[in-house]
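Everything below belongs to target.cif, which stores mmCIF, C-alpha atoms and all ligand atoms.
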```cif
data_data
#
loop_
_atom_site.group_PDB
_atom_site.id
_atom_site.type_symbol
_atom_site.label_atom_id
_atom_site.label_comp_id
_atom_site.auth_asym_id
_atom_site.auth_seq_id
_atom_site.Cartn_x
_atom_site.Cartn_y
_atom_site.Cartn_z
ATOM 1 C CA MET A 14 -28.298 15.730 -13.134
ATOM 2 C CA ARG A 15 -24.732 14.616 -13.754
ATOM 3 C CA GLN A 16 -23.043 12.834 -10.862
ATOM 4 C CA PRO A 17 -19.633 14.419 -10.291
ATOM 5 C CA LEU A 18 -16.544 12.296 -10.830
ATOM 6 C CA VAL A 19 -13.218 12.913 -9.142
ATOM 7 C CA ALA A 20 -10.411 10.804 -10.591
ATOM 8 C CA GLY A 21 -6.871 10.695 -9.264
ATOM 9 C CA ASN A 22 -4.111 10.475 -11.866
ATOM 10 C CA TRP A 23 -1.133 9.258 -9.874
ATOM 11 C CA LYS A 24 1.198 9.618 -12.869
ATOM 12 C CA MET A 25 4.573 7.901 -12.284
ATOM 13 C CA ASN A 26 4.632 8.046 -8.502
ATOM 14 C CA GLY A 27 4.670 5.702 -5.543
ATOM 15 C CA SER A 28 5.668 2.233 -4.451
ATOM 16 C CA THR A 29 3.745 -0.848 -3.436
ATOM 17 C CA ALA A 30 3.805 0.319 0.161
ATOM 18 C CA SER A 31 2.718 3.891 -0.555
ATOM 19 C CA ALA A 32 0.039 2.753 -3.029
ATOM 20 C CA ARG A 33 -1.400 0.354 -0.458
ATOM 21 C CA ALA A 34 -1.456 3.051 2.218
ATOM 22 C CA LEU A 35 -3.044 5.604 -0.102
ATOM 23 C CA LEU A 36 -5.758 3.169 -1.219
ATOM 24 C CA ALA A 37 -6.519 2.267 2.402
ATOM 25 C CA ASP A 38 -6.869 5.928 3.385
ATOM 26 C CA ILE A 39 -9.130 6.716 0.423
ATOM 27 C CA LYS A 40 -11.238 3.658 1.211
ATOM 28 C CA ALA A 41 -11.650 4.834 4.792
ATOM 29 C CA GLY A 42 -12.924 8.240 3.653
ATOM 30 C CA VAL A 43 -15.106 7.423 0.674
ATOM 31 C CA ALA A 44 -18.398 6.908 2.540
ATOM 32 C CA ALA A 45 -18.392 10.586 3.530
ATOM 33 C CA VAL A 46 -18.330 11.709 -0.123
ATOM 34 C CA ALA A 47 -20.948 9.327 -1.487
ATOM 35 C CA LYS A 48 -22.555 11.809 -3.900
ATOM 36 C CA CYS A 49 -19.289 11.945 -5.831
ATOM 37 C CA GLU A 50 -18.006 9.050 -7.898
ATOM 38 C CA VAL A 51 -14.387 8.399 -6.920
ATOM 39 C CA ALA A 52 -11.751 6.777 -9.145
ATOM 40 C CA VAL A 53 -8.000 6.255 -8.982
ATOM 41 C CA CYS A 54 -5.572 5.757 -11.863
ATOM 42 C CA PRO A 55 -2.330 4.324 -10.483
ATOM 43 C CA PRO A 56 0.658 3.238 -12.588
ATOM 44 C CA PHE A 57 -0.002 -0.001 -14.504
ATOM 45 C CA ILE A 58 1.932 -2.222 -12.124
ATOM 46 C CA TYR A 59 -0.226 -1.211 -9.159
ATOM 47 C CA LEU A 60 -3.506 -2.038 -10.915
ATOM 48 C CA PRO A 61 -3.647 -5.584 -9.485
ATOM 49 C CA LEU A 62 -3.163 -4.042 -6.044
ATOM 50 C CA ALA A 63 -6.010 -1.605 -6.738
ATOM 51 C CA GLN A 64 -8.154 -4.522 -7.861
ATOM 52 C CA ALA A 65 -7.374 -6.456 -4.674
ATOM 53 C CA GLU A 66 -8.003 -3.467 -2.411
ATOM 54 C CA LEU A 67 -10.968 -1.843 -4.155
ATOM 55 C CA THR A 68 -13.153 -4.696 -5.399
ATOM 56 C CA ASN A 69 -16.587 -4.373 -3.741
ATOM 57 C CA THR A 70 -15.904 -0.819 -2.610
ATOM 58 C CA ALA A 71 -17.427 2.380 -4.023
ATOM 59 C CA ILE A 72 -14.082 3.321 -5.611
ATOM 60 C CA ALA A 73 -13.415 2.670 -9.291
ATOM 61 C CA TRP A 74 -9.971 2.344 -10.824
ATOM 62 C CA GLY A 75 -8.420 2.823 -14.200
ATOM 63 C CA ALA A 76 -5.190 3.146 -16.159
ATOM 64 C CA GLN A 77 -3.303 6.183 -17.419
ATOM 65 C CA ASN A 78 -2.793 4.914 -20.964
ATOM 66 C CA LEU A 79 -3.378 1.909 -23.216
ATOM 67 C CA SER A 80 -2.063 0.429 -26.434
ATOM 68 C CA THR A 81 -3.874 0.830 -29.739
ATOM 69 C CA GLU A 82 -3.004 -2.822 -30.439
ATOM 70 C CA ALA A 83 -4.781 -5.918 -29.152
ATOM 71 C CA VAL A 84 -1.987 -8.470 -28.780
ATOM 72 C CA GLY A 85 1.454 -9.397 -30.038
ATOM 73 C CA ALA A 86 4.940 -8.037 -30.589
ATOM 74 C CA PHE A 87 4.578 -4.563 -29.048
ATOM 75 C CA THR A 88 7.283 -4.443 -26.396
ATOM 76 C CA GLY A 89 6.373 -2.365 -23.373
ATOM 77 C CA GLU A 90 2.714 -1.897 -24.311
ATOM 78 C CA ILE A 91 -0.431 -2.772 -22.316
ATOM 79 C CA SER A 92 -3.670 -3.744 -24.069
ATOM 80 C CA ALA A 93 -7.274 -2.894 -23.289
ATOM 81 C CA ALA A 94 -7.940 -6.567 -22.519
ATOM 82 C CA MET A 95 -5.152 -6.518 -19.921
ATOM 83 C CA LEU A 96 -6.733 -3.496 -18.265
ATOM 84 C CA LEU A 97 -10.071 -5.292 -18.143
ATOM 85 C CA ASP A 98 -8.277 -8.293 -16.689
ATOM 86 C CA CYS A 99 -7.164 -6.004 -13.836
ATOM 87 C CA GLY A 100 -10.748 -4.861 -13.322
ATOM 88 C CA CYS A 101 -10.282 -1.354 -14.706
ATOM 89 C CA SER A 102 -13.361 0.596 -15.641
ATOM 90 C CA TYR A 103 -11.592 3.799 -16.759
ATOM 91 C CA VAL A 104 -8.606 4.678 -18.897
ATOM 92 C CA ILE A 105 -7.117 8.128 -19.484
ATOM 93 C CA VAL A 106 -6.403 8.918 -23.141
ATOM 94 C CA GLY A 107 -4.630 11.905 -24.628
ATOM 95 C CA HIS A 108 -3.174 13.312 -21.431
ATOM 96 C CA SER A 109 -1.035 16.328 -22.342
ATOM 97 C CA GLU A 110 2.063 14.514 -21.063
ATOM 98 C CA ARG A 111 1.364 11.697 -23.540
ATOM 99 C CA ARG A 112 0.758 14.217 -26.302
ATOM 100 C CA THR A 113 3.832 16.363 -25.701
ATOM 101 C CA LEU A 114 6.409 13.921 -24.277
ATOM 102 C CA TYR A 115 5.428 10.807 -26.248
ATOM 103 C CA GLY A 116 4.245 12.311 -29.498
ATOM 104 C CA GLU A 117 0.625 11.162 -29.373
ATOM 105 C CA ASP A 118 -1.248 13.175 -31.974
ATOM 106 C CA ASP A 119 -5.000 13.708 -32.271
ATOM 107 C CA GLN A 120 -5.369 10.735 -34.580
ATOM 108 C CA ARG A 121 -3.598 8.380 -32.207
ATOM 109 C CA VAL A 122 -5.629 9.651 -29.280
ATOM 110 C CA ALA A 123 -8.840 9.112 -31.266
ATOM 111 C CA THR A 124 -7.733 5.544 -32.003
ATOM 112 C CA LYS A 125 -7.028 4.919 -28.314
ATOM 113 C CA PHE A 126 -10.447 6.327 -27.453
ATOM 114 C CA ALA A 127 -12.038 3.934 -29.967
ATOM 115 C CA VAL A 128 -10.053 0.923 -28.735
ATOM 116 C CA ALA A 129 -11.002 1.657 -25.120
ATOM 117 C CA LEU A 130 -14.686 2.023 -25.974
ATOM 118 C CA ALA A 131 -14.754 -1.129 -28.064
ATOM 119 C CA ALA A 132 -13.323 -3.039 -25.096
ATOM 120 C CA GLY A 133 -15.959 -1.665 -22.724
ATOM 121 C CA LEU A 134 -13.605 0.691 -20.865
ATOM 122 C CA LYS A 135 -14.699 4.261 -20.156
ATOM 123 C CA PRO A 136 -12.145 6.590 -21.732
ATOM 124 C CA ILE A 137 -11.309 9.886 -20.018
ATOM 125 C CA LEU A 138 -10.350 12.081 -22.967
ATOM 126 C CA CYS A 139 -7.993 14.914 -22.021
ATOM 127 C CA VAL A 140 -7.954 18.147 -23.981
ATOM 128 C CA GLY A 141 -6.253 21.445 -23.268
ATOM 129 C CA GLU A 142 -4.216 24.327 -24.618
ATOM 130 C CA THR A 143 -0.669 25.433 -23.840
ATOM 131 C CA LEU A 144 0.080 28.877 -22.421
ATOM 132 C CA GLU A 145 1.364 29.970 -25.808
ATOM 133 C CA GLU A 146 -1.864 28.858 -27.478
ATOM 134 C CA ARG A 147 -3.949 30.706 -24.861
ATOM 135 C CA GLU A 148 -1.896 33.859 -25.346
ATOM 136 C CA GLN A 149 -2.371 33.587 -29.111
ATOM 137 C CA GLY A 150 -6.131 33.474 -28.547
ATOM 138 C CA ILE A 151 -6.526 30.028 -30.103
ATOM 139 C CA THR A 152 -7.685 28.094 -27.020
ATOM 140 C CA GLU A 153 -11.070 27.186 -28.518
ATOM 141 C CA ALA A 154 -9.553 26.242 -31.872
ATOM 142 C CA VAL A 155 -7.128 23.858 -30.150
ATOM 143 C CA ILE A 156 -9.836 22.257 -28.008
ATOM 144 C CA ALA A 157 -12.127 21.964 -31.030
ATOM 145 C CA ARG A 158 -9.395 20.218 -33.030
ATOM 146 C CA GLN A 159 -8.696 17.729 -30.202
ATOM 147 C CA LEU A 160 -12.389 17.025 -29.666
ATOM 148 C CA ASP A 161 -13.318 16.867 -33.337
ATOM 149 C CA ALA A 162 -10.699 14.166 -33.986
ATOM 150 C CA VAL A 163 -12.644 11.842 -31.696
ATOM 151 C CA ILE A 164 -16.067 12.935 -32.951
ATOM 152 C CA ALA A 165 -14.997 12.497 -36.576
ATOM 153 C CA ALA A 166 -13.731 8.986 -35.913
ATOM 154 C CA GLN A 167 -16.469 7.778 -33.596
ATOM 155 C CA GLY A 168 -19.443 10.124 -33.840
ATOM 156 C CA ALA A 169 -20.638 12.313 -30.964
ATOM 157 C CA SER A 170 -22.716 9.450 -29.569
ATOM 158 C CA ALA A 171 -19.482 7.656 -28.611
ATOM 159 C CA LEU A 172 -18.846 10.371 -26.044
ATOM 160 C CA ALA A 173 -21.847 9.130 -24.063
ATOM 161 C CA ALA A 174 -19.760 6.271 -22.722
ATOM 162 C CA GLY A 175 -16.757 8.454 -21.931
ATOM 163 C CA VAL A 176 -15.691 11.462 -19.927
ATOM 164 C CA ILE A 177 -13.857 14.610 -21.027
ATOM 165 C CA ALA A 178 -11.196 16.300 -18.928
ATOM 166 C CA TYR A 179 -10.243 19.891 -19.705
ATOM 167 C CA GLU A 180 -6.659 20.287 -18.558
ATOM 168 C CA PRO A 181 -5.019 23.564 -19.534
ATOM 169 C CA VAL A 182 -1.373 22.566 -19.954
ATOM 170 C CA TRP A 183 -0.178 25.731 -18.198
ATOM 171 C CA ALA A 184 -2.127 24.747 -15.060
ATOM 172 C CA ILE A 185 -0.807 21.177 -14.772
ATOM 173 C CA GLY A 186 1.577 20.762 -11.858
ATOM 174 C CA THR A 187 2.290 24.491 -11.796
ATOM 175 C CA GLY A 188 0.155 25.578 -8.863
ATOM 176 C CA LYS A 189 -1.514 27.960 -11.333
ATOM 177 C CA THR A 190 -5.199 27.056 -11.567
ATOM 178 C CA ALA A 191 -7.552 28.342 -14.228
ATOM 179 C CA THR A 192 -10.006 30.735 -12.648
ATOM 180 C CA PRO A 193 -13.515 29.311 -12.299
ATOM 181 C CA GLU A 194 -14.590 31.716 -15.066
ATOM 182 C CA GLN A 195 -11.793 30.648 -17.431
ATOM 183 C CA ALA A 196 -12.532 26.983 -16.833
ATOM 184 C CA GLN A 197 -16.303 27.431 -17.143
ATOM 185 C CA GLN A 198 -15.870 29.234 -20.450
ATOM 186 C CA VAL A 199 -13.970 26.301 -21.973
ATOM 187 C CA HIS A 200 -16.258 23.686 -20.408
ATOM 188 C CA ALA A 201 -19.288 25.465 -21.870
ATOM 189 C CA PHE A 202 -17.538 25.617 -25.235
ATOM 190 C CA ILE A 203 -16.903 21.845 -25.122
ATOM 191 C CA ARG A 204 -20.485 21.083 -24.157
ATOM 192 C CA GLY A 205 -21.784 23.398 -26.855
ATOM 193 C CA ARG A 206 -19.632 21.779 -29.502
ATOM 194 C CA VAL A 207 -20.918 18.329 -28.571
ATOM 195 C CA ALA A 208 -24.493 19.683 -28.360
ATOM 196 C CA ALA A 209 -24.246 20.869 -31.949
ATOM 197 C CA GLN A 210 -23.944 17.190 -32.883
ATOM 198 C CA ASP A 211 -26.064 15.546 -30.198
ATOM 199 C CA ALA A 212 -27.876 17.576 -27.544
ATOM 200 C CA SER A 213 -28.737 14.685 -25.263
ATOM 201 C CA VAL A 214 -25.174 13.329 -25.223
ATOM 202 C CA ALA A 215 -23.945 16.839 -24.392
ATOM 203 C CA GLU A 216 -26.428 17.157 -21.531
ATOM 204 C CA GLY A 217 -25.258 13.934 -19.896
ATOM 205 C CA LEU A 218 -21.543 14.370 -20.621
ATOM 206 C CA ARG A 219 -19.275 14.760 -17.609
ATOM 207 C CA ILE A 220 -16.561 17.343 -18.191
ATOM 208 C CA LEU A 221 -13.849 17.330 -15.520
ATOM 209 C CA TYR A 222 -11.387 20.114 -14.805
ATOM 210 C CA GLY A 223 -7.730 19.262 -14.218
ATOM 211 C CA GLY A 224 -4.771 21.468 -13.377
ATOM 212 C CA SER A 225 -3.587 22.282 -9.864
ATOM 213 C CA MET A 226 -6.956 21.458 -8.324
ATOM 214 C CA LYS A 227 -6.698 21.430 -4.522
ATOM 215 C CA PRO A 228 -9.155 21.257 -1.610
ATOM 216 C CA GLY A 229 -8.870 25.054 -1.338
ATOM 217 C CA ASN A 230 -9.969 25.828 -4.905
ATOM 218 C CA ALA A 231 -12.154 22.810 -5.714
ATOM 219 C CA ALA A 232 -15.460 24.177 -4.386
ATOM 220 C CA GLU A 233 -15.482 27.308 -6.558
ATOM 221 C CA LEU A 234 -14.552 25.264 -9.638
ATOM 222 C CA MET A 235 -17.199 22.610 -8.945
ATOM 223 C CA ALA A 236 -19.798 25.350 -8.457
ATOM 224 C CA GLN A 237 -19.589 26.193 -12.169
ATOM 225 C CA PRO A 238 -22.518 24.805 -14.156
ATOM 226 C CA ASP A 239 -20.407 22.890 -16.679
ATOM 227 C CA ILE A 240 -17.704 21.550 -14.329
ATOM 228 C CA ASP A 241 -18.634 18.023 -13.282
ATOM 229 C CA GLY A 242 -15.634 17.012 -11.221
ATOM 230 C CA GLY A 243 -11.872 16.861 -11.460
ATOM 231 C CA LEU A 244 -8.890 14.963 -12.787
ATOM 232 C CA ILE A 245 -6.354 15.371 -10.033
ATOM 233 C CA GLY A 246 -2.580 14.999 -10.236
ATOM 234 C CA GLY A 247 -0.408 16.094 -7.308
ATOM 235 C CA ALA A 248 -3.247 16.325 -4.795
ATOM 236 C CA ALA A 249 -4.295 12.753 -5.609
ATOM 237 C CA LEU A 250 -1.128 11.491 -3.901
ATOM 238 C CA VAL A 251 -2.200 12.794 -0.490
ATOM 239 C CA ALA A 252 -5.351 11.069 0.765
ATOM 240 C CA SER A 253 -6.604 14.019 2.812
ATOM 241 C CA ASP A 254 -6.204 16.403 -0.150
ATOM 242 C CA PHE A 255 -7.829 13.985 -2.579
ATOM 243 C CA LEU A 256 -10.733 13.346 -0.232
ATOM 244 C CA GLY A 257 -11.044 17.087 0.371
ATOM 245 C CA ILE A 258 -11.595 17.573 -3.361
ATOM 246 C CA CYS A 259 -14.099 14.687 -3.390
ATOM 247 C CA ARG A 260 -15.863 16.414 -0.503
ATOM 248 C CA ALA A 261 -16.181 19.603 -2.544
ATOM 249 C CA ALA A 262 -17.697 17.573 -5.394
ATOM 250 C CA HIS A 263 -20.066 15.826 -2.971
ATOM 251 C CA ASP A 264 -21.151 19.176 -1.519
ATOM 252 C CA SER A 265 -21.698 20.634 -5.003
ATOM 253 C CA VAL A 266 -24.566 18.238 -5.703
HETATM 254 P P1 LIG B 301 -1.975 18.495 -11.183
HETATM 255 O O1 LIG B 301 -3.231 18.315 -10.373
HETATM 256 O O2 LIG B 301 -0.745 18.004 -10.490
HETATM 257 O O3 LIG B 301 -1.846 19.894 -11.710
HETATM 258 O O4 LIG B 301 -2.128 17.539 -12.476
HETATM 259 C C1 LIG B 301 -3.279 17.580 -13.222
HETATM 260 C C2 LIG B 301 -3.249 16.454 -14.185
HETATM 261 O O5 LIG B 301 -2.470 16.440 -15.113
HETATM 262 C C3 LIG B 301 -4.180 15.353 -13.961
HETATM 263 O O6 LIG B 301 -4.226 14.499 -15.056
#
```

Here is the file; what I need is its structure written in the form of structure tokens.
Amino acid sequence: MRQPLVAGNWKMNGSTASARALLADIKAGVAAVAKCEVAVCPPFIYLPLAQAELTNTAIAWGAQNLSTEAVGAFTGEISAAMLLDCGCSYVIVGHSERRTLYGEDDQRVATKFAVALAAGLKPILCVGETLEEREQGITEAVIARQLDAVIAAQGASALAAGVIAYEPVWAIGTGKTATPEQAQQVHAFIRGRVAAQDASVAEGLRILYGGSMKPGNAAELMAQPDIDGGLIGGAALVASDFLGICRAAHDSV
């Protein structure tokens, strides 16, 4: 049985005051969703605040990105060791916004995955197709390419320490969610592709759905056999919405 994980990706939002308030509200609600693992990924500069507020609670925290480099003259970058220093357990790698806006290709994402793992962080590897790719009928080919880059570099066994998030690009921040059937189809494809390499890793692998997940659509998504939680953007900025999604994950167990 895979414990569901709901992780909030705050993206570039908030302030010290709003981050503190949001963390306090999530903390107050987490006991009611105990069957779901809960994590938040605030902007880098609020990680020390997350560490101060969340240490010794049931809530984990992580970063939205990391450097491939360990130390030195890399202006503006943040290393894996720095994330550990802030108590992070998770780090998102290969988010579609990193891929499309900041030119991170499959190779770079695979390197980030490797660097995170080597440091003892749990990488959340994002994969997903654009609308154009879906309409061309190449969704599975795109996902396979993104996944295989990590498997080729690290071996399928490396996925045991990580998490995969399927985030169709056309569903991110658009209010357009994949149907449970569409999402399940891709999640099953991902699990099958990993199973072809290592069946036991595939069985234990948590595959999250991300893309306009809300309290109102979370339950039907979480009810799918290969959907093990969510990576939440917009709804992660409103405590009641985020906790509502966690509640759906809790109830799905
Ligand atoms: P939304 O939930 O805002 O669609 O964002 C999803 C996402 O990109 C999470 O990483």

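When all atoms listed in the file are used to compute distances to Met14 (chain A), the closest of the residues A:Ala37, A:Ala201, A:Leu218, A:Ala169 turns out to be A:Leu218.
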
For ligand LIG 301 (chain B), I'd like the enclosing box, axis-aligned and padded by 3 Å on every side, reported as AutoDock Vina command-line options with centre and edge lengths in Å to one decimal.
```
--center_x -2.5 --center_y 17.2 --center_z -12.7 --size_x 9.5 --size_y 11.4 --size_z 10.7
```

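For ligand LIG 301 (chain B), the protein and nucleic acid residues at most 7 Å away, judged by all atoms listed in the file, amount to Asn22, His108, Glu180, Ala184, Ile185, Gly186, Thr187, Gly188, Gly223, Gly224, Ser225, Met226, Leu244, Ile245, Gly246, Gly247 and Ala248 of chain A.
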
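Selection by the PyMOL selection byres (((chain A and resi 43-56) around 7) and not hetatm) on the present file picks out A:Gln16, A:Pro17, A:Leu18, A:Val19, A:Ala20, A:Gly21, A:Asn22, A:Trp23, A:Lys24, A:Met25, A:Ile39, A:Lys40, A:Ala41, A:Gly42, A:Phe57, A:Ile58, A:Tyr59, A:Leu60, A:Ile72, A:Ala73, A:Trp74, A:Gly75, A:Ala76, A:Gln77, A:Cys259, A:Arg260, A:Ala262, A:His263, A:Val266.
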
Skipping near chain neighbours, those fewer than 2 positions away, what residues fall within 12 Å of Val176 (chain A) using only C-alpha atoms, listed as a count of residues only?
-> 42

N, CA, C and O atoms modelled onto region 95-108 of chain A, as a CSV table (one decimal), keeping the file's coordinate frame:
```csv
chain,number,residue,atom,x,y,z
A,95,MET,N,-5.9,-6.4,-21.2
A,95,MET,CA,-5.2,-6.5,-19.9
A,95,MET,C,-5.7,-5.6,-18.8
A,95,MET,O,-5.7,-6.0,-17.7
A,96,LEU,N,-6.1,-4.4,-19.2
A,96,LEU,CA,-6.7,-3.5,-18.3
A,96,LEU,C,-8.0,-4.1,-17.7
A,96,LEU,O,-8.3,-4.0,-16.5
A,97,LEU,N,-8.8,-4.7,-18.6
A,97,LEU,CA,-10.1,-5.3,-18.1
A,97,LEU,C,-9.8,-6.4,-17.2
A,97,LEU,O,-10.5,-6.7,-16.2
A,98,ASP,N,-8.7,-7.2,-17.5
A,98,ASP,CA,-8.3,-8.3,-16.7
A,98,ASP,C,-7.9,-7.8,-15.3
A,98,ASP,O,-8.1,-8.6,-14.3
A,99,CYS,N,-7.5,-6.6,-15.2
A,99,CYS,CA,-7.2,-6.0,-13.8
A,99,CYS,C,-8.4,-5.3,-13.3
A,99,CYS,O,-8.2,-4.5,-12.3
A,100,GLY,N,-9.5,-5.4,-13.9
A,100,GLY,CA,-10.7,-4.9,-13.3
A,100,GLY,C,-10.9,-3.4,-13.6
A,100,GLY,O,-11.8,-2.8,-12.9
A,101,CYS,N,-10.1,-2.8,-14.5
A,101,CYS,CA,-10.3,-1.4,-14.7
A,101,CYS,C,-11.6,-1.0,-15.3
A,101,CYS,O,-12.2,-1.8,-16.1
A,102,SER,N,-12.2,0.1,-14.9
A,102,SER,CA,-13.4,0.6,-15.6
A,102,SER,C,-13.0,1.8,-16.4
A,102,SER,O,-13.7,2.1,-17.4
A,103,TYR,N,-12.0,2.6,-16.0
A,103,TYR,CA,-11.6,3.8,-16.8
A,103,TYR,C,-10.2,3.7,-17.4
A,103,TYR,O,-9.4,2.9,-16.9
A,104,VAL,N,-10.0,4.5,-18.4
A,104,VAL,CA,-8.6,4.7,-18.9
A,104,VAL,C,-8.5,6.1,-19.4
A,104,VAL,O,-9.4,6.6,-20.1
A,105,ILE,N,-7.4,6.8,-19.0
A,105,ILE,CA,-7.1,8.1,-19.5
A,105,ILE,C,-6.5,8.0,-20.9
A,105,ILE,O,-5.6,7.2,-21.1
A,106,VAL,N,-7.0,8.8,-21.8
A,106,VAL,CA,-6.4,8.9,-23.1
A,106,VAL,C,-6.1,10.4,-23.5
A,106,VAL,O,-6.9,11.3,-23.2
A,107,GLY,N,-5.0,10.6,-24.1
A,107,GLY,CA,-4.6,11.9,-24.6
A,107,GLY,C,-4.2,12.9,-23.5
A,107,GLY,O,-4.3,14.1,-23.7
A,108,HIS,N,-3.7,12.4,-22.4
A,108,HIS,CA,-3.2,13.3,-21.4
A,108,HIS,C,-2.1,14.2,-22.1
A,108,HIS,O,-1.3,13.7,-22.9
```
